[in-house]
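Here is the structure we will look at, set down as structure tokens.
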Amino acid sequence: MSLNLNIRGLSPSATLAINERSNLLIAQGKTVYKWGLGQSPFPVPHSVVAALRENAHQKDYLPVCGLRALREAIADFEQRTQGLNRTSEDVMVSPGSKELFFILQLVYYGDLIIPTPSWVSYAPQALIAGRRVTWVPTLFEHGWMLSPENIEQVCGADPDRPRIVILNYPSNPTGSSYCLERLQMLAEVARRYRLVIVSDEIYGMLDYEGRHISIAHYYPEGTIVSTGLSKWCGAGGWRLGCFIFPPQLRKIMNAMAVVASETYTATSAPIQYAAVTAFRPNLEIDDYLIQVRRILHLLARVLFRRFAEAQLKTLMPAGAFYFFVDFERYRDRLKARGIVSALELCKALLDETGVALLPGHDFGRPPEELTARLAFVNFDGAAVLAAARGAGQDHPLDEGFVRRFCPDVLAAADKVGDWLHRL
């Protein structure tokens, strides 16, 4: 029987695939350092868990765009944290922001502009939806960030073509973030070409300095802000995301609501009721974020030094829990072992050291480029969070703290360094 499917050439999500592969190896008794899946290791804050427990009985279908109280809380959250003037009418809630990215591309007939490297699911979603993808390569020297010149090159030849530009910062996979000046310049060129920007700010609250700035400040009429609970609240499996629209893009939001009503109907009721607590003013969550940023910043500094000692090329992240590492210095030695692509590099590392990484190719880079993403999340987030609180806010955390409470993170770095030394 011949079956014509519209996902020819696509594979399961790389991040989910590496997690399943890692779990399979662990089940076989092998030691695996899970640097593949970017899942927050920290627990969901107690007050949010308690709210879920208290609302487990909620069983009714909720409005397609989300519980009114939650949408109000999200709008207020954006006002408090970003100074964005939005109302509940501008917010759409869904079972994960991934769903919203996909529905947007179903209802809006625009090409997708994606800087590389970028998160693994943007482009596959566009291909499933039948949209044209324009990859825009970025440079290490520019912090792997999209530039106004990049957009000019894409849009200049056909300025009236509708387009969606994806910005994600702090970035998955690089941890890099945009400075104020770059955001202002990007906003200017986006306005000139009437682009729709989707600013994926799912890691915004994990900016190490707590200074994340949304591009919606500078291009409010054309920017959709994406966020959710998965990263800053440690609730990836809860599957709650949201888009915050400007009033000028209300037609897009309404069209997306139509599609949502015919597909997932509404987001889980107990999760939505619990999420209200996460987005409302909450001293526990304020402290939680301070400690989480403190821990991640420490780990990033320690790992950055380790990678420099191993002569690996990478950037110091500005937020989140990722490094995007270039193994180019070892190309000749790797080639002598028959390793000439990022995929072969990551396979060899997993087989020989137990360290699970994702090849740069999964993030839109050329297959032959020896880059890989790692997510330094292989530690007990609850224990580390308690230890950081116990140390006191005024007591600086150091590498000794990492050795004591995050030994697997250092072990994975040592495994990679030793493997490279033996090449």
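Labeling convention for the structure tokens: chains A, B, ... as they appear, residues from 1 per chain, ligands from 1 in order of appearance.
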Non-local contacts of range 33-49 of chain A (7 Å; only C-alpha atoms; under 3 positions in same chain excluded) as a ChimeraX atom specification: /A:15-16,18-19,22,52-53,231,233-236,274-275,277-278,285,354-358,374-382,412
DSSP helix (DSSP H, G or I) residues within range 136-191 of chain A, as a list in words: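 After running DSSP on the backbone, range 136-191 of chain A has helix (DSSP H, G or I) at Phe140, Glu141, His142, Pro148, Glu149, Asn150, Ile151, Glu152, Gln153, Val154, Cys155, Leu180, Glu181, Arg182, Leu183, Gln184, Met185, Leu186, Ala187, Glu188, Val189, Ala190 and Arg191 of chain A.
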At most 12 Å is the cut-off: for each residue in range 135-156 of chain A with any atom that close to an atom of range 100-113 of chain A, write down the nearest atom pair and the distance in Å rounded to one decimal, counting only C-alpha atoms, chain first then increasing number, as a Markdown table.
| residue | atom | partner | partner_atom | distance |
| --- | --- | --- | --- | --- |
| A:Trp135 | CA | A:Ile113 | CA | 6.1 |
| A:Val136 | CA | A:Ile113 | CA | 7.0 |
| A:Pro137 | CA | A:Ile113 | CA | 10.5 |
| A:Leu146 | CA | A:Ile113 | CA | 10.2 |
| A:Asn150 | CA | A:Ile113 | CA | 9.9 |
| A:Ile151 | CA | A:Ile113 | CA | 8.4 |
| A:Glu152 | CA | A:Ile113 | CA | 11.6 |
| A:Gln153 | CA | A:Ile113 | CA | 11.4 |
| A:Val154 | CA | A:Ile113 | CA | 8.4 |
| A:Cys155 | CA | A:Ile113 | CA | 9.8 |
Length of the CA of Glu209 in chain A to CA of Ala318 in chain A vector [Å]: 8.0 Å
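The interatomic distance for the pair CA of Glu221 in chain A and CA of Leu249 in chain A works out to 7.4 Å.
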Within 9 Å of Leu289 in chain A using only C-alpha atoms, minus same-chain residues under 2 positions, as a count of residues only: 13
Strand (DSSP E or B) positions in range 72-150 of chain A, given as a PyMOL selection string: chain A and resi 91-94+111-116+133-137
Residues within 9 Å of Glu89 in chain A, only C-alpha atoms, excluding chain neighbours under 5 positions, as number ranges by chain: A: 65, 68, 71-72, 75, 245, 247, 250
A:Leu229, A:Met185, A:Ala56, A:Cys179 ranked by distance to Ser214 in chain A, top pick (using only C-alpha atoms):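 Looking at the shortest contact to Ser214 in chain A, the residue is A:Cys179.
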Near-Gly130 in chain A list (9 Å; only C-alpha atoms; drop same-chain fewer than 2 positions) as a list in words: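 What passes the distance filter is Asn6, Gln105, Leu106, Gln125, Ala126, Leu127, Ile128 and Arg132 of chain A.
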Given the selection you just returned, output its residues as a file containing N, CA and C atoms, formatted as a PDB file, in the first residue's frame.
ATOM      1  N   ASN A   6       2.384  14.027   4.434  1.00  0.00           N
ATOM      2  CA  ASN A   6       2.909  15.364   4.190  1.00  0.00           C
ATOM      3  C   ASN A   6       4.064  15.726   5.130  1.00  0.00           C
ATOM      4  N   GLN A 105       1.162  29.675  12.104  1.00  0.00           N
ATOM      5  CA  GLN A 105       1.584  29.441  10.732  1.00  0.00           C
ATOM      6  C   GLN A 105       0.472  28.861   9.870  1.00  0.00           C
ATOM      7  N   LEU A 106      -0.518  28.249  10.494  1.00  0.00           N
ATOM      8  CA  LEU A 106      -1.678  27.785   9.745  1.00  0.00           C
ATOM      9  C   LEU A 106      -2.553  28.951   9.290  1.00  0.00           C
ATOM     10  N   GLN A 125       7.803  22.703  12.010  1.00  0.00           N
ATOM     11  CA  GLN A 125       6.404  23.139  12.055  1.00  0.00           C
ATOM     12  C   GLN A 125       6.015  23.883  10.785  1.00  0.00           C
ATOM     13  N   ALA A 126       6.906  24.763  10.317  1.00  0.00           N
ATOM     14  CA  ALA A 126       6.620  25.512   9.098  1.00  0.00           C
ATOM     15  C   ALA A 126       6.450  24.578   7.906  1.00  0.00           C
ATOM     16  N   LEU A 127       7.302  23.564   7.839  1.00  0.00           N
ATOM     17  CA  LEU A 127       7.214  22.619   6.719  1.00  0.00           C
ATOM     18  C   LEU A 127       5.928  21.813   6.791  1.00  0.00           C
ATOM     19  N   ILE A 128       5.519  21.421   7.987  1.00  0.00           N
ATOM     20  CA  ILE A 128       4.254  20.696   8.139  1.00  0.00           C
ATOM     21  C   ILE A 128       3.088  21.568   7.696  1.00  0.00           C
ATOM     22  N   ARG A 132       7.059  28.501   3.639  1.00  0.00           N
ATOM     23  CA  ARG A 132       8.432  28.570   3.172  1.00  0.00           C
ATOM     24  C   ARG A 132       9.338  29.085   4.293  1.00  0.00           C
TER      25      ARG A 132
END
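Residue nearest Leu303 in chain A, chosen from A:Ala413, A:Val165, A:Leu420, A:Ile26 and counting only C-alpha atoms: A:Ala413.
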Nearby residues (only C-alpha atoms) at most 8 Å from Thr223 in chain A, same-chain spacing under 3 positions excluded, as a PyMOL selection string: chain A and resi 196-199+215-216+219-220+245-246
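Minimum distance to Ala383 in chain A across A:Arg80, A:Arg404, A:Arg305, A:Arg365 (counting only C-alpha atoms) occurs at A:Arg404.
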Mind checking which residues fall within 12 Å of range 94-96 of chain A, counting only C-alpha atoms, ignoring those fewer than 2 positions away in the same chain, and posting them as a JSON list (two decimals) with N, CA, C and O atoms, in the first residue's frame?
[["chain", "number", "residue", "atom", "x", "y", "z"],
["A", 62, "LEU", "N", -12.97, 25.22, 29.57],
["A", 62, "LEU", "CA", -12.73, 26.65, 29.74],
["A", 62, "LEU", "C", -12.74, 27.35, 28.40],
["A", 62, "LEU", "O", -12.71, 26.71, 27.35],
["A", 63, "PRO", "N", -12.80, 28.68, 28.40],
["A", 63, "PRO", "CA", -12.81, 29.41, 27.12],
["A", 63, "PRO", "C", -11.60, 29.04, 26.25],
["A", 63, "PRO", "O", -10.52, 28.76, 26.77],
["A", 64, "VAL", "N", -11.77, 29.10, 24.96],
["A", 64, "VAL", "CA", -10.72, 28.70, 24.03],
["A", 64, "VAL", "C", -9.43, 29.48, 24.29],
["A", 64, "VAL", "O", -8.34, 28.91, 24.30],
["A", 65, "CYS", "N", -9.54, 30.77, 24.50],
["A", 65, "CYS", "CA", -8.35, 31.60, 24.71],
["A", 65, "CYS", "C", -7.82, 31.55, 26.13],
["A", 65, "CYS", "O", -6.75, 32.10, 26.41],
["A", 66, "GLY", "N", -8.55, 30.90, 27.01],
["A", 66, "GLY", "CA", -8.03, 30.72, 28.36],
["A", 66, "GLY", "C", -8.92, 31.30, 29.44],
["A", 66, "GLY", "O", -9.79, 32.15, 29.19],
["A", 67, "LEU", "N", -8.72, 30.83, 30.64],
["A", 67, "LEU", "CA", -9.42, 31.30, 31.83],
["A", 67, "LEU", "C", -9.22, 32.80, 31.99],
["A", 67, "LEU", "O", -8.10, 33.29, 31.92],
["A", 70, "LEU", "N", -6.66, 33.89, 34.52],
["A", 70, "LEU", "CA", -5.30, 33.61, 34.10],
["A", 70, "LEU", "C", -4.83, 34.62, 33.07],
["A", 70, "LEU", "O", -3.70, 35.13, 33.14],
["A", 71, "ARG", "N", -5.68, 34.94, 32.13],
["A", 71, "ARG", "CA", -5.30, 35.92, 31.11],
["A", 71, "ARG", "C", -5.04, 37.29, 31.73],
["A", 71, "ARG", "O", -4.11, 38.00, 31.34],
["A", 91, "VAL", "N", -4.38, 38.20, 25.34],
["A", 91, "VAL", "CA", -3.68, 36.98, 25.75],
["A", 91, "VAL", "C", -4.42, 35.74, 25.26],
["A", 91, "VAL", "O", -5.64, 35.64, 25.37],
["A", 92, "MET", "N", -3.64, 34.80, 24.73],
["A", 92, "MET", "CA", -4.19, 33.50, 24.33],
["A", 92, "MET", "C", -3.37, 32.41, 24.98],
["A", 92, "MET", "O", -2.14, 32.36, 24.84],
["A", 98, "LYS", "N", 4.32, 25.70, 21.96],
["A", 98, "LYS", "CA", 4.58, 24.99, 20.71],
["A", 98, "LYS", "C", 3.32, 24.95, 19.83],
["A", 98, "LYS", "O", 3.38, 25.12, 18.61],
["A", 99, "GLU", "N", 2.19, 24.71, 20.47],
["A", 99, "GLU", "CA", 0.92, 24.64, 19.76],
["A", 99, "GLU", "C", 0.59, 25.97, 19.10],
["A", 99, "GLU", "O", 0.11, 26.03, 17.97],
["A", 100, "LEU", "N", 0.87, 27.06, 19.81],
["A", 100, "LEU", "CA", 0.56, 28.39, 19.28],
["A", 100, "LEU", "C", 1.45, 28.74, 18.08],
["A", 100, "LEU", "O", 0.99, 29.37, 17.12],
["A", 101, "PHE", "N", 2.73, 28.37, 18.14],
["A", 101, "PHE", "CA", 3.61, 28.60, 17.01],
["A", 101, "PHE", "C", 3.06, 27.92, 15.76],
["A", 101, "PHE", "O", 3.09, 28.48, 14.65],
["A", 102, "PHE", "N", 2.57, 26.71, 15.94],
["A", 102, "PHE", "CA", 2.07, 25.96, 14.79],
["A", 102, "PHE", "C", 0.78, 26.57, 14.25],
["A", 102, "PHE", "O", 0.63, 26.77, 13.03],
["A", 103, "ILE", "N", -0.14, 26.91, 15.13],
["A", 103, "ILE", "CA", -1.42, 27.47, 14.68],
["A", 103, "ILE", "C", -1.21, 28.82, 13.99],
["A", 103, "ILE", "O", -1.89, 29.14, 13.01],
["A", 202, "ILE", "N", 10.45, 32.58, 26.33],
["A", 202, "ILE", "CA", 10.22, 31.52, 27.29],
["A", 202, "ILE", "C", 11.32, 31.46, 28.35],
["A", 202, "ILE", "O", 11.11, 31.00, 29.47],
["A", 226, "SER", "N", 5.82, 35.43, 23.20],
["A", 226, "SER", "CA", 5.52, 34.05, 23.59],
["A", 226, "SER", "C", 6.20, 33.73, 24.92],
["A", 226, "SER", "O", 7.38, 34.02, 25.11],
["A", 227, "THR", "N", 5.44, 33.15, 25.83],
["A", 227, "THR", "CA", 6.02, 32.71, 27.09],
["A", 227, "THR", "C", 5.20, 31.53, 27.62],
["A", 227, "THR", "O", 4.37, 30.98, 26.93],
["A", 228, "GLY", "N", 5.47, 31.14, 28.85],
["A", 228, "GLY", "CA", 4.78, 29.98, 29.42],
["A", 228, "GLY", "C", 5.42, 29.58, 30.73],
["A", 228, "GLY", "O", 6.24, 30.31, 31.29],
["A", 229, "LEU", "N", 5.04, 28.40, 31.22],
["A", 229, "LEU", "CA", 5.52, 27.94, 32.53],
["A", 229, "LEU", "C", 6.70, 26.99, 32.45],
["A", 229, "LEU", "O", 7.32, 26.68, 33.46],
["A", 230, "SER", "N", 7.05, 26.51, 31.27],
["A", 230, "SER", "CA", 7.95, 25.36, 31.18],
["A", 230, "SER", "C", 9.35, 25.62, 31.69],
["A", 230, "SER", "O", 9.95, 24.74, 32.32],
["A", 231, "LYS", "N", 9.91, 26.80, 31.46],
["A", 231, "LYS", "CA", 11.32, 27.02, 31.77],
["A", 231, "LYS", "C", 11.51, 27.76, 33.09],
["A", 231, "LYS", "O", 12.18, 27.26, 34.00],
["A", 235, "ALA", "N", 7.90, 23.84, 34.86],
["A", 235, "ALA", "CA", 6.69, 23.04, 34.66],
["A", 235, "ALA", "C", 6.51, 22.63, 33.20],
["A", 235, "ALA", "O", 5.42, 22.78, 32.65],
["A", 236, "GLY", "N", 7.55, 22.09, 32.58],
["A", 236, "GLY", "CA", 7.45, 21.71, 31.18],
["A", 236, "GLY", "C", 6.33, 20.71, 30.91],
["A", 236, "GLY", "O", 5.60, 20.84, 29.93],
["A", 237, "GLY", "N", 6.19, 19.73, 31.78],
["A", 237, "GLY", "CA", 5.18, 18.70, 31.58],
["A", 237, "GLY", "C", 3.76, 19.16, 31.85],
["A", 237, "GLY", "O", 2.81, 18.44, 31.54],
["A", 238, "TRP", "N", 3.62, 20.35, 32.42],
["A", 238, "TRP", "CA", 2.27, 20.87, 32.64],
["A", 238, "TRP", "C", 1.64, 21.35, 31.34],
["A", 238, "TRP", "O", 0.43, 21.45, 31.23],
["A", 239, "ARG", "N", 2.48, 21.68, 30.35],
["A", 239, "ARG", "CA", 2.04, 22.10, 29.03],
["A", 239, "ARG", "C", 1.11, 23.31, 29.10],
["A", 239, "ARG", "O", -0.08, 23.23, 28.79],
["A", 240, "LEU", "N", 1.67, 24.44, 29.50],
["A", 240, "LEU", "CA", 0.91, 25.68, 29.46],
["A", 240, "LEU", "C", 1.79, 26.78, 28.89],
["A", 240, "LEU", "O", 2.85, 27.10, 29.43],
["A", 241, "GLY", "N", 1.35, 27.31, 27.76],
["A", 241, "GLY", "CA", 2.04, 28.41, 27.12],
["A", 241, "GLY", "C", 1.06, 29.50, 26.76],
["A", 241, "GLY", "O", -0.16, 29.34, 26.88],
["A", 242, "CYS", "N", 1.59, 30.64, 26.32],
["A", 242, "CYS", "CA", 0.68, 31.72, 25.93],
["A", 242, "CYS", "C", 1.36, 32.65, 24.93],
["A", 242, "CYS", "O", 2.58, 32.76, 24.88],
["A", 243, "PHE", "N", 0.55, 33.29, 24.12],
["A", 243, "PHE", "CA", 0.95, 34.38, 23.24],
["A", 243, "PHE", "C", 0.29, 35.65, 23.76],
["A", 243, "PHE", "O", -0.89, 35.64, 24.15],
["A", 244, "ILE", "N", 1.05, 36.75, 23.75],
["A", 244, "ILE", "CA", 0.50, 38.06, 24.10],
["A", 244, "ILE", "C", 0.57, 38.92, 22.84],
["A", 244, "ILE", "O", 1.66, 39.19, 22.32],
["A", 256, "MET", "N", -6.57, 32.37, 15.09],
["A", 256, "MET", "CA", -5.96, 31.26, 15.83],
["A", 256, "MET", "C", -6.95, 30.62, 16.80],
["A", 256, "MET", "O", -6.94, 29.40, 16.99],
["A", 257, "ALA", "N", -7.80, 31.44, 17.40],
["A", 257, "ALA", "CA", -8.81, 30.90, 18.32],
["A", 257, "ALA", "C", -9.80, 29.99, 17.59],
["A", 257, "ALA", "O", -10.25, 28.98, 18.17],
["A", 259, "VAL", "N", -9.07, 28.06, 14.99],
["A", 259, "VAL", "CA", -8.37, 26.79, 14.80],
["A", 259, "VAL", "C", -8.28, 26.03, 16.12],
["A", 259, "VAL", "O", -8.50, 24.81, 16.17],
["A", 260, "ALA", "N", -7.96, 26.74, 17.19],
["A", 260, "ALA", "CA", -7.86, 26.09, 18.50],
["A", 260, "ALA", "C", -9.18, 25.45, 18.89],
["A", 260, "ALA", "O", -9.20, 24.33, 19.43],
["A", 261, "SER", "N", -10.28, 26.12, 18.61],
["A", 261, "SER", "CA", -11.60, 25.58, 18.99],
["A", 261, "SER", "C", -11.91, 24.29, 18.27],
["A", 261, "SER", "O", -12.68, 23.46, 18.76],
["A", 263, "THR", "N", -9.49, 22.12, 17.31],
["A", 263, "THR", "CA", -8.41, 21.14, 17.52],
["A", 263, "THR", "C", -8.31, 20.77, 19.00],
["A", 263, "THR", "O", -8.91, 19.79, 19.43],
["A", 264, "TYR", "N", -7.59, 21.56, 19.80],
["A", 264, "TYR", "CA", -7.40, 21.15, 21.20],
["A", 264, "TYR", "C", -8.52, 21.65, 22.13],
["A", 264, "TYR", "O", -8.55, 21.28, 23.30],
["A", 265, "THR", "N", -9.43, 22.48, 21.66],
["A", 265, "THR", "CA", -10.60, 22.98, 22.40],
["A", 265, "THR", "C", -10.21, 23.98, 23.48],
["A", 265, "THR", "O", -10.63, 25.12, 23.47],
["A", 266, "ALA", "N", -9.43, 23.53, 24.45],
["A", 266, "ALA", "CA", -9.02, 24.41, 25.55],
["A", 266, "ALA", "C", -7.89, 23.74, 26.31],
["A", 266, "ALA", "O", -7.68, 22.53, 26.20],
["A", 267, "THR", "N", -7.16, 24.52, 27.07],
["A", 267, "THR", "CA", -6.07, 23.99, 27.90],
["A", 267, "THR", "C", -6.64, 23.41, 29.18],
["A", 267, "THR", "O", -7.67, 23.87, 29.68],
["A", 268, "SER", "N", -5.98, 22.38, 29.72],
["A", 268, "SER", "CA", -6.44, 21.69, 30.93],
["A", 268, "SER", "C", -6.89, 22.67, 32.01],
["A", 268, "SER", "O", -6.15, 23.59, 32.39],
["A", 269, "ALA", "N", -8.09, 22.46, 32.53],
["A", 269, "ALA", "CA", -8.66, 23.38, 33.52],
["A", 269, "ALA", "C", -7.84, 23.45, 34.81],
["A", 269, "ALA", "O", -7.51, 24.55, 35.28],
["A", 271, "ILE", "N", -4.73, 22.93, 35.36],
["A", 271, "ILE", "CA", -3.45, 23.59, 35.09],
["A", 271, "ILE", "C", -3.65, 25.10, 34.98],
["A", 271, "ILE", "O", -2.85, 25.89, 35.51],
["A", 272, "GLN", "N", -4.70, 25.51, 34.30],
["A", 272, "GLN", "CA", -4.94, 26.95, 34.14],
["A", 272, "GLN", "C", -5.22, 27.62, 35.49],
["A", 272, "GLN", "O", -4.69, 28.70, 35.77],
["A", 275, "ALA", "N", -2.01, 27.94, 37.32],
["A", 275, "ALA", "CA", -1.08, 28.89, 36.71],
["A", 275, "ALA", "C", -1.38, 30.33, 37.12],
["A", 275, "ALA", "O", -0.48, 31.18, 37.08]]
Option closest in space to Pro170 in chain A, from A:Gly156, A:Pro317, A:Gly143, A:Pro124 [counting only C-alpha atoms]: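 Counting only C-alpha atoms, the residue closest to Pro170 in chain A is A:Pro317.
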Nearest residue to Met145 in chain A from the set A:Ala50, A:Leu315, A:Leu195, A:Ile295 (distances using only C-alpha atoms):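 Closest candidate: A:Leu315.
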Nearest residue to Gly392 in chain A from the set A:Asp332, A:Leu349, A:Met253, A:Ile290 (distances using only C-alpha atoms):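 For Gly392 in chain A, the nearest of the given residues is A:Ile290.
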